[in-house]
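Okay, structure first, notes after.
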Amino acid sequence: MTHTVSRPKARTAKPSAGARFDTALGWSPRLGPNMVLRILLCVLVFCIFALPFVAIISGAFDRNSSPTDISLLPKSFTLRNFEAATQQGLWGYLLNSLVVAGGGLLLQMTVSVFAAYSLSRKKFRGQAVVLLLVLLTMMLPEEIIGIPLSLVLGDLPLLGISLRGSVLAVILPVGIWGFSIFIMSEFMKEIPGEIEEAARLDGVGEFRMLFTIILPLCKPALGVIGIFGFMMVWDQYLLPLIAANDPSDYTLTVALSVLRNDTTVGPGVLLAGALMAMIPSLLVYLFLQRSMIRGITSGATKG
């Protein structure tokens, strides 16, 4: 009697998330019309988004900057614009912006993680109502809540103190953002419940469950809310304006808007300030872009 030995089937390599995303868009790695179209679109998008940045950099280092003359390279290189920006106190305003953005983002991500964990991994009465209220906050523009917020910052309820003129007046209002809570909540919902159940059997508590099991699986979502949260706080204009008691309390965004109306300040100084305001945003994006791309592709290619 002869025995036949069945060979195990070779496992096929599972395509990566990026490859599946390219396939869904119709891209092909082979040279052909799709590849040519992809290259042309990338060049077009690069020109649209990169040329303004290049023009800002060129104008910041140009001796005779003109808002109507856009050049890729400075015609006469100089650092005089940054010297004038120093005289206008823009470095101090940049420090104010960094303190506000750092503190606001840290508070916002902390609140978003705890709120999302409660909304996605716990069951309680009124859960849908709470989530609805969080989403409603995303639909209110800043101009609507500007006056009530100014009154609250001037006389804090129950405590009876004024927060105007302090960094807390800008950090506390941006500490809760519905977008970050929604993103984290939806991402945590996709984590299998079996992982949590197995950890419960091992005696894992709530805080250990969150910080050692759930949160490490949410790194892509943390990258997404980190980038968008930083941009949201960094671009604040109305809030720092109503929270300031003195022009020295302004952030860089407000200071550039004020200097724009000053006829004694040339466009080169404004471009130097714009470059100073642009660099932190670029650094945050470059540092968190991998997590952000993983978060977007995981949602686009799920299933």
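A note on labels: chains of the structure tokens are A, B, ... as shown, every chain counts residues from 1, and ligands are counted from 1 in their shown order.
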**Request:** Find the spatial neighbours of Gly89 (chain A), counting only C-alpha atoms, within a cut-off of 12 Å - ignore same-chain residues fewer than 2 positions away - and output them as a ChimeraX atom specification.
**Result:** /A:82-87,91-96,247-252,255-256,259,269,273
Residues as selected, C-alpha atoms, written as a PDB file, in the first residue's frame, can you do that?
```pdb
ATOM      1  CA  PHE A  82      14.848  88.409  10.231  1.00  0.00           C
ATOM      2  CA  GLU A  83      16.721  91.207  12.022  1.00  0.00           C
ATOM      3  CA  ALA A  84      13.688  93.445  11.548  1.00  0.00           C
ATOM      4  CA  ALA A  85      11.432  90.607  12.713  1.00  0.00           C
ATOM      5  CA  THR A  86      13.534  90.380  15.884  1.00  0.00           C
ATOM      6  CA  GLN A  87      13.089  94.107  16.465  1.00  0.00           C
ATOM      7  CA  TRP A  91      10.530  85.586  18.359  1.00  0.00           C
ATOM      8  CA  GLY A  92       8.672  86.305  21.588  1.00  0.00           C
ATOM      9  CA  TYR A  93       5.354  85.794  19.820  1.00  0.00           C
ATOM     10  CA  LEU A  94       6.716  82.527  18.401  1.00  0.00           C
ATOM     11  CA  LEU A  95       7.563  81.389  21.938  1.00  0.00           C
ATOM     12  CA  ASN A  96       4.021  82.224  23.047  1.00  0.00           C
ATOM     13  CA  PRO A 247      -0.015  92.940  22.861  1.00  0.00           C
ATOM     14  CA  SER A 248       2.835  90.983  24.475  1.00  0.00           C
ATOM     15  CA  ASP A 249       0.319  88.175  25.092  1.00  0.00           C
ATOM     16  CA  TYR A 250      -0.321  87.709  21.371  1.00  0.00           C
ATOM     17  CA  THR A 251       0.606  84.546  19.540  1.00  0.00           C
ATOM     18  CA  LEU A 252       2.519  84.671  16.265  1.00  0.00           C
ATOM     19  CA  ALA A 255       1.028  89.391  15.720  1.00  0.00           C
ATOM     20  CA  LEU A 256       1.450  88.849  11.979  1.00  0.00           C
ATOM     21  CA  LEU A 259       1.918  93.857  11.606  1.00  0.00           C
ATOM     22  CA  VAL A 269       9.426  91.053   7.423  1.00  0.00           C
ATOM     23  CA  GLY A 273       7.382  85.846  10.133  1.00  0.00           C
TER      24      GLY A 273
END
```
Which residues, written as a ChimeraX atom specification, have at least one atom at most 9 Å from Gly226 (chain A), with only C-alpha atoms counted and residues fewer than 3 positions away on the same chain left out?
/A:105-106,109,180,221-223,229-231,284-285,288,292
Emit the selected residues as a PDB file, in the first residue's frame, including N, CA and C atoms.
```pdb
ATOM      1  N   LEU A 105      -2.128  71.022  22.853  1.00  0.00           N
ATOM      2  CA  LEU A 105      -2.141  69.710  22.208  1.00  0.00           C
ATOM      3  C   LEU A 105      -2.038  68.591  23.233  1.00  0.00           C
ATOM      4  N   LEU A 106      -1.190  68.760  24.247  1.00  0.00           N
ATOM      5  CA  LEU A 106      -1.061  67.734  25.286  1.00  0.00           C
ATOM      6  C   LEU A 106      -2.373  67.539  26.024  1.00  0.00           C
ATOM      7  N   MET A 109      -5.040  65.876  23.545  1.00  0.00           N
ATOM      8  CA  MET A 109      -4.852  64.450  23.299  1.00  0.00           C
ATOM      9  C   MET A 109      -5.192  63.638  24.540  1.00  0.00           C
ATOM     10  N   SER A 180     -11.038  65.244  17.464  1.00  0.00           N
ATOM     11  CA  SER A 180     -10.086  64.294  18.034  1.00  0.00           C
ATOM     12  C   SER A 180     -10.796  63.188  18.800  1.00  0.00           C
ATOM     13  N   ALA A 221      -3.996  56.452  14.983  1.00  0.00           N
ATOM     14  CA  ALA A 221      -4.985  57.479  15.313  1.00  0.00           C
ATOM     15  C   ALA A 221      -4.353  58.606  16.116  1.00  0.00           C
ATOM     16  N   LEU A 222      -3.389  58.287  16.973  1.00  0.00           N
ATOM     17  CA  LEU A 222      -2.698  59.332  17.730  1.00  0.00           C
ATOM     18  C   LEU A 222      -1.922  60.252  16.795  1.00  0.00           C
ATOM     19  N   GLY A 223      -1.347  59.678  15.742  1.00  0.00           N
ATOM     20  CA  GLY A 223      -0.661  60.512  14.756  1.00  0.00           C
ATOM     21  C   GLY A 223      -1.611  61.449  14.040  1.00  0.00           C
ATOM     22  N   GLY A 229      -4.655  68.245  15.500  1.00  0.00           N
ATOM     23  CA  GLY A 229      -4.798  69.004  16.733  1.00  0.00           C
ATOM     24  C   GLY A 229      -3.782  70.129  16.840  1.00  0.00           C
ATOM     25  N   PHE A 230      -2.534  69.858  16.440  1.00  0.00           N
ATOM     26  CA  PHE A 230      -1.525  70.904  16.469  1.00  0.00           C
ATOM     27  C   PHE A 230      -1.885  72.028  15.510  1.00  0.00           C
ATOM     28  N   MET A 231      -2.340  71.675  14.301  1.00  0.00           N
ATOM     29  CA  MET A 231      -2.721  72.705  13.341  1.00  0.00           C
ATOM     30  C   MET A 231      -3.906  73.507  13.843  1.00  0.00           C
ATOM     31  N   VAL A 284       6.173  69.090  12.770  1.00  0.00           N
ATOM     32  CA  VAL A 284       5.190  68.187  13.376  1.00  0.00           C
ATOM     33  C   VAL A 284       4.671  67.204  12.347  1.00  0.00           C
ATOM     34  N   TYR A 285       4.407  67.672  11.132  1.00  0.00           N
ATOM     35  CA  TYR A 285       3.910  66.775  10.095  1.00  0.00           C
ATOM     36  C   TYR A 285       4.964  65.735   9.702  1.00  0.00           C
ATOM     37  N   LEU A 288       5.194  63.046  12.418  1.00  0.00           N
ATOM     38  CA  LEU A 288       4.032  62.176  12.624  1.00  0.00           C
ATOM     39  C   LEU A 288       3.403  61.694  11.325  1.00  0.00           C
ATOM     40  N   MET A 292       0.208  59.057  10.613  1.00  0.00           N
ATOM     41  CA  MET A 292      -0.977  59.601   9.962  1.00  0.00           C
ATOM     42  C   MET A 292      -1.336  58.795   8.723  1.00  0.00           C
TER      43      MET A 292
END
```
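Residues in contact with Gln236 (chain A) at 10 Å, where only C-alpha atoms are counted and same-chain residues fewer than 4 positions away are skipped, are listed as Ser97, Val100, Ala101, Glu142, Val170, Val174, Met231, Met232, Pro240, Leu241, Thr251, Leu252, Thr253 and Val254 of chain A.
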Exercise for the section: Run DSSP on the backbone of this structure and report the residues of region 39-216 of chain A it assigns to helix (DSSP H, G or I), as a PyMOL selection string. Expected result: chain A and resi 39-60+80-87+90-121+127-137+142-154+168-171+178-189+193-201+206-216
Among A:Ala199, A:Met35, A:Ala243, A:Val152, Ala169 (chain A) is approached most closely, using only C-alpha atoms, by A:Ala243
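Each of A:Ile181, A:Ile213, A:Cys218, A:Ala50 was checked against Leu133 (chain A) using only C-alpha atoms; the smallest atom-to-atom distance is that of A:Ile181.
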Separating CA of Glu194 (chain A) from CA of Arg290 (chain A), to the nearest tenth of an Å, is a gap of 27.6 Å
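Between CA of Val45 (chain A) and CA of Leu275 (chain A) there is a distance of 21.0 Å.
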